[in-house]
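K.L.:
Here's a structure for you.
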Amino acid sequence: GFGLIEQDALVQLTNFTNFCRSLQDSAVRLRKFYLISSLGAHRSKLSSIYSTLCNCIESEAISQFGSNVLILRLPSIYGFNQNTQKYHGLVGQLLADYLSSSVSTIYGDIKTVRSFLCSETFSYNFFQNRTDTPLIERQGVANIFSTSQHSIGDILSIFYRALKQRPRFLLRRSSPLNSESHLIYCPGPDMIFAKDSVDRKSTRLNSSHANISY
């Protein structure tokens with residue numbers, strides 16, 4: 001994320017480059033190379049090591065695999081990983097902390113606006129058949145935006161209103177990068193909108209099992 005330090009970024013870039021080259025040197029013929037990248041890194045107007053790393057990795061993928069590459073730039077993903085049995089993203093972490101009676105630590109500002117997308121919603125949009133070209137068959141770059149664009153304050157309000165419990169969180173304003181809002185001003189041809197399930201008017205959160213729903 002945006003807290004990445006330069007030394008770790010160099011290691012990640014080296015590992016990714018070596019990985020791509022090993023695939024090129026192997027006898028396996030790749031039909032498609034999918035790269036999961038960060039939408040926030042490209043929407044940010046502030047200079048950061050993380051944004052630079054994302055740009056370098058995308059350039060390396062295109063350089064190695066050309067037209068066989070599809071780069072998926074994703075917003076803030078949340079959900080539950082069945083394999084690791086862990087929650088991910090801001091919404092997932094809030095639920096995990098609620099279940100363990102822990103205080104949530106949030107890096108950012110209460111007014112920070114981000115685009116939130118459930119991992120299951122993304123999977124559905126990625127694999128479903130459409131009348132036009134399915135996302136899985138596209139090439140180049142796809143910026144995946146969510147219809148759920150809320151501030152951290154909105155998410156806390158929705159989450160705790162559904163649980164009927166007062167918020168228990170610690171807000172850390174560690175960096176301007178964490179407090180920056182990533183807003184959409186005008187749609188473009190490379191933008192794909194996915195309808196997320198967060199709804200301010202109808203909130204229902206099932207904390208008795210792994211799935212997060214509103």
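In the structure tokens, the first chain shown is A, the next is B, and so on; residue numbers restart at 1 for each chain, and ligands run from 1 in the order shown.
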Mind checking which residues fall within 8 Å of Asn68 of chain A, counting only C-alpha atoms, ignoring those fewer than 5 positions away in the same chain, and posting them as a list in words?
P.N.:
Leu30, Arg31, Lys32, Phe33 and Gln139 of chain A
K.L.:
How close does each residue of segment 97-126 of chain A get to segment 155-170 of chain A, giving the shortest atom pair and distance in Å to one decimal for every residue with an atom at most 7 Å away, counting only C-alpha atoms, sorted by chain and residue number, as CSV?
P.N.:
```
residue,atom,partner,partner_atom,distance
A:Val103,CA,A:Phe169,CA,5.1
A:Ser104,CA,A:Phe169,CA,4.4
A:Thr105,CA,A:Leu170,CA,4.7
A:Ile106,CA,A:Leu170,CA,6.1
```
K.L.:
Please produce a file of those selected residues containing C-alpha atoms, as an mmCIF file, in the first residue's frame.
P.N.:
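After the write, part09.cif holds the following:
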```cif
data_model
loop_
_atom_site.group_PDB
_atom_site.id
_atom_site.type_symbol
_atom_site.label_atom_id
_atom_site.label_comp_id
_atom_site.auth_asym_id
_atom_site.auth_seq_id
_atom_site.Cartn_x
_atom_site.Cartn_y
_atom_site.Cartn_z
ATOM 1 C CA VAL A 103 -10.552 -1.680 18.506
ATOM 2 C CA SER A 104 -10.193 -0.988 14.768
ATOM 3 C CA THR A 105 -7.174 1.041 13.644
ATOM 4 C CA ILE A 106 -7.960 3.108 10.542
#
```
K.L.:
Using only C-alpha atoms, pick whichever of A:Leu53, A:Ile136, A:Ala61, A:Leu46 has the shortest atom-to-atom distance to Phe19 of chain A.
P.N.:
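Of all the options, A:Ala61 lies closest to Phe19 of chain A.
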K.L.:
State, in Å with one decimal place, the distance from atom CA of Ser48 of chain A to atom CA of Leu13 of chain A.
P.N.:
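Taking atom CA of Ser48 of chain A as the start and atom CA of Leu13 of chain A as the end point, the length is 15.0 Å.
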K.L.:
Using DSSP on the backbone coordinates, identify all residues within segment 47-151 of chain A classified as strand (DSSP E); present the result as a PyMOL selection string.
P.N.:
chain A and resi 69-74+76-81+86-88+104-107+113-118+140-146+149-151
K.L.:
Within 9 Å of Tyr50 of chain A, counting only C-alpha atoms, which residues show up once you throw out same-chain ones fewer than 3 positions away? Write them as a PDB file with C-alpha atoms, in the first residue's frame, please.
P.N.:
```
ATOM      1  CA  GLY A   1       0.000   0.000   0.000  1.00  0.00           C
ATOM      2  CA  PHE A   2       0.917   3.668   0.300  1.00  0.00           C
ATOM      3  CA  GLY A   3       3.114   2.908   3.320  1.00  0.00           C
ATOM      4  CA  LEU A   4       5.548   0.971   1.106  1.00  0.00           C
ATOM      5  CA  ILE A   5       9.247   1.819   1.551  1.00  0.00           C
ATOM      6  CA  GLU A   6      11.727   2.049  -1.315  1.00  0.00           C
ATOM      7  CA  ALA A   9       9.487  -1.771  -3.603  1.00  0.00           C
ATOM      8  CA  ALA A  41      -2.250   4.343  -7.075  1.00  0.00           C
ATOM      9  CA  SER A  47       3.866  11.285  -5.554  1.00  0.00           C
ATOM     10  CA  LEU A  53       6.008   0.620  -8.261  1.00  0.00           C
ATOM     11  CA  CYS A  54       2.552  -0.006  -9.768  1.00  0.00           C
ATOM     12  CA  ASN A  55       3.520   1.907 -12.928  1.00  0.00           C
TER      13      ASN A  55
END
```
K.L.:
Applying 9 Å and only C-alpha atoms, which residues near Asp109 of chain A remain after dropping the ones on its own chain fewer than 5 positions away? List them as a list of chain:residue names.
P.N.:
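Within the cut-off, the hits are A:Ser151, A:Ile152, A:Gly153, A:Leu171, A:Arg172, A:Arg173, A:Asn178, A:Ser179, A:Glu180.
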K.L.:
Please report, as a list in words, each residue of segment 130-159 of chain A to which DSSP assigns alpha helix (DSSP H) when run on this structure's backbone.
P.N.:
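Answer for segment 130-159 of chain A restricted to alpha helix (DSSP H) is Ile152, Gly153, Asp154, Ile155, Leu156, Ser157, Ile158 and Phe159 of chain A.
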K.L.:
What would the file look like if the residues just selected were written as a tab-separated table (two decimals), in the first residue's frame with N, CA, C and O atoms?
P.N.:
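Listed below is the output, result.tsv:
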```
chain	number	residue	atom	x	y	z
A	152	ILE	N	-14.82	7.37	4.88
A	152	ILE	CA	-14.61	6.45	5.99
A	152	ILE	C	-15.71	6.64	7.04
A	152	ILE	O	-16.20	5.69	7.63
A	153	GLY	N	-16.14	7.89	7.22
A	153	GLY	CA	-17.24	8.17	8.15
A	153	GLY	C	-18.53	7.50	7.72
A	153	GLY	O	-19.28	6.98	8.55
A	154	ASP	N	-18.79	7.49	6.40
A	154	ASP	CA	-19.99	6.82	5.88
A	154	ASP	C	-19.94	5.32	6.18
A	154	ASP	O	-20.93	4.73	6.62
A	155	ILE	N	-18.79	4.69	5.93
A	155	ILE	CA	-18.64	3.26	6.15
A	155	ILE	C	-18.84	2.92	7.62
A	155	ILE	O	-19.53	1.95	7.97
A	156	LEU	N	-18.25	3.73	8.51
A	156	LEU	CA	-18.42	3.50	9.95
A	156	LEU	C	-19.89	3.62	10.35
A	156	LEU	O	-20.40	2.83	11.13
A	157	SER	N	-20.55	4.63	9.78
A	157	SER	CA	-21.96	4.85	10.10
A	157	SER	C	-22.82	3.68	9.63
A	157	SER	O	-23.68	3.18	10.38
A	158	ILE	N	-22.60	3.23	8.40
A	158	ILE	CA	-23.36	2.10	7.86
A	158	ILE	C	-23.09	0.83	8.66
A	158	ILE	O	-24.01	0.11	9.06
A	159	PHE	N	-21.82	0.59	8.93
A	159	PHE	CA	-21.43	-0.63	9.61
A	159	PHE	C	-22.01	-0.72	11.02
A	159	PHE	O	-22.65	-1.71	11.39
```
K.L.:
Leaving out His182 of chain A and any residue of its chain fewer than 2 positions from it, which residues lie within 8 Å of it when counting only C-alpha atoms, given as an MDAnalysis selection string?
P.N.:
chainID A and resid 40 43:44 113:115 180 184
K.L.:
Kindly give the distance, in Å, that separates atom CA of Ser119 of chain A and atom CA of Ser101 of chain A, rounded to a single decimal.
P.N.:
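Calculated distance between atom CA of Ser119 of chain A and atom CA of Ser101 of chain A is 24.4 Å.
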K.L.:
With distances taken over only C-alpha atoms, which residue among A:Asn125, A:Ser76, A:Gln12, A:Ser37 lies nearest Gln149 of chain A?
P.N.:
A:Ser76
K.L.:
Just want the 10 Å neighbourhood of segment 83-89 of chain A, counted on only C-alpha atoms, with same-chain residues fewer than 2 positions away dropped. Output as a VMD selection string.
P.N.:
chain A and resid 76 to 81 91 to 97 116 to 119 210 to 212
K.L.:
If you measure from atom CA of Pro75 of chain A to atom CA of Ile192 of chain A, what distance in Å do you get, rounded to one decimal?
P.N.:
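According to the coordinates, atom CA of Pro75 of chain A and atom CA of Ile192 of chain A are separated by 11.4 Å.
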